[in-house]
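Below: one structure, written as structure tokens.
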Amino acid sequence: MKFFIDTANLNDIKEAYDLGILDGVTTNPSLMAKEGITGAENIRAHYKAICNIVDNNVSAEVISTDLEGMLKEGRELAKIDPKIVVKYPMTKDGVKAIKRFTTEGIRTNCTLVFTAGQAILAAKAGAAYVSPFIGRLDDISQDGVELIAQIRIIYDNYGFKTEILAASIRHTIHLIKCAEIGTDVVTCPLKVIMDLLNHPLTDSGLAKFLADHKKVNG
Ligand code: E4P
């Protein structure tokens, strides 16, 4: 299973990378705005800075919504670094752009996916990754984790190569359930990655080991 971090914050990306478990980064326009990154040049420079930290798989999302604009912007993003994966929304023009880039050998991530039908279209168009947003489905009382299970079955039925990238992960239970199902990738904020480290019995067990060692060794 690949582990991506869902942020545009360079310190968080460095911290996750230093843990030695990071396979990539997902960003979106909201996450870029949160870092105060504005203007095409600064945005490109920020993506380059992210690419300089990690080994591969940096999803960079287009802002354009029409096919021509999506292709132009996608090509500019792809030029920044070979690690870039161009992120397109699940729209009619988004699917067309994914298909075009697939034939040109440029990797894409189809984002804002909320149904199995959308995931089928993304796979048929040849997206490298499909991003179902499980937390946002939970927010509207639909089962986000169940969507990952549905897509897993469908992709396995037909041997689709598109990797399932479970996104909008809010807590460790989401992540673990997706791993049980067999998602190919998870993307989540640094907090969720760090929360995986924690258990009170680990803390109390370590405190006892150290105390016992100190009793006899001083
Ligand atoms: C994924 O690519 C998205 O950036 C992200 O997971 C959305 O998460 P959110 O629903 O917490 O904003």
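Labeling convention for the structure tokens: chains A, B, ... as they appear, residues from 1 per chain, ligands from 1 in order of appearance.
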Show me which residues line ligand 1, defined as having an atom within 10 Å of a ligand atom where only C-alpha atoms and all ligand atoms count, and present them as a ChimeraX atom specification.
/A:4-8,25-32,59-61,87,109-113,130-139,165-170,186-189
Take the selection from the previous step and output its residues with C-alpha atoms, as a compact mmCIF listing (two decimals), in the first residue's frame.
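Result saved to result-v1.txt:
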```txt
# COMPACT_ATOMS: atom_id res chain seq x y z
CA PHE A 4 0.63 9.81 0.48
CA ILE A 5 0.35 12.95 2.60
CA ASP A 6 -2.56 15.28 1.83
CA THR A 7 -1.12 18.76 2.29
CA ALA A 8 0.84 21.55 0.62
CA VAL A 25 1.86 13.96 -1.88
CA THR A 26 -1.64 15.07 -2.84
CA THR A 27 -2.57 18.72 -2.99
CA ASN A 28 -5.64 20.60 -4.12
CA PRO A 29 -6.41 24.30 -4.70
CA SER A 30 -7.78 24.67 -1.15
CA LEU A 31 -4.62 23.20 0.38
CA MET A 32 -2.43 25.50 -1.77
CA SER A 59 -0.50 15.41 -7.45
CA ALA A 60 -0.99 18.95 -8.77
CA GLU A 61 -4.54 20.01 -9.60
CA LYS A 87 -5.01 16.05 -11.07
CA ASN A 109 -5.21 11.53 -10.82
CA CYS A 110 -9.00 11.76 -11.20
CA THR A 111 -10.31 13.68 -8.20
CA LEU A 112 -13.68 14.47 -6.61
CA VAL A 113 -14.98 10.92 -7.12
CA VAL A 130 -8.72 7.58 -8.84
CA SER A 131 -9.48 9.60 -5.70
CA PRO A 132 -12.75 8.69 -3.94
CA PHE A 133 -13.37 11.17 -1.07
CA ILE A 134 -14.52 9.00 1.79
CA GLY A 135 -14.72 11.61 4.58
CA ARG A 136 -16.91 13.93 2.51
CA LEU A 137 -19.30 11.02 1.82
CA ASP A 138 -19.47 10.25 5.55
CA ASP A 139 -20.27 13.95 6.09
CA LEU A 165 -6.29 6.39 -3.86
CA ALA A 166 -8.52 6.64 -0.78
CA ALA A 167 -8.79 10.39 -0.09
CA SER A 168 -10.50 12.67 2.41
CA ILE A 169 -9.35 10.35 5.19
CA ARG A 170 -10.17 11.92 8.55
CA VAL A 186 -4.14 6.26 1.16
CA THR A 187 -3.70 9.99 1.42
CA CYS A 188 -4.21 11.78 4.72
CA PRO A 189 -3.01 14.75 6.78
```
Sel. of strand (DSSP E) residues, stretch 17-199 of chain A, as a PyMOL selection string:
chain A and resi 24-26+58-61+84-89+108-113+129-132+163-166+185-188
Mind giving me the straight-line distance from atom CA of A:Lys99 to atom CA of A:Lys124 in Å, one decimal?
8.2 Å
Nearest to A:Leu197, chosen from A:Phe101, A:Val62, A:Thr172, A:Leu210, with only C-alpha atoms counted in the distances
A:Thr172
How many Å separate atom CA of A:Tyr88 from atom CA of A:Ile176?
26.5 Å
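Every protein or nucleic acid residue with an atom no more than 8 Å from A:Thr65, counting only C-alpha atoms and leaving out same-chain residues fewer than 3 positions away, appears here: Gly69, Met70, Asp93 and Gly94 of chain A.
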Which of these residues is nearest to A:Thr108, using only C-alpha atoms: A:Leu147, A:Ile80, A:Leu175, A:Val58?
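So, comparing all the options, the nearest one is A:Val58.
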Smallest atom-to-atom distance to A:His171: which of A:Leu196, A:Ile63, A:Val85, A:Ile140, using only C-alpha atoms?
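Selected residue with least distance to A:His171: A:Leu196.
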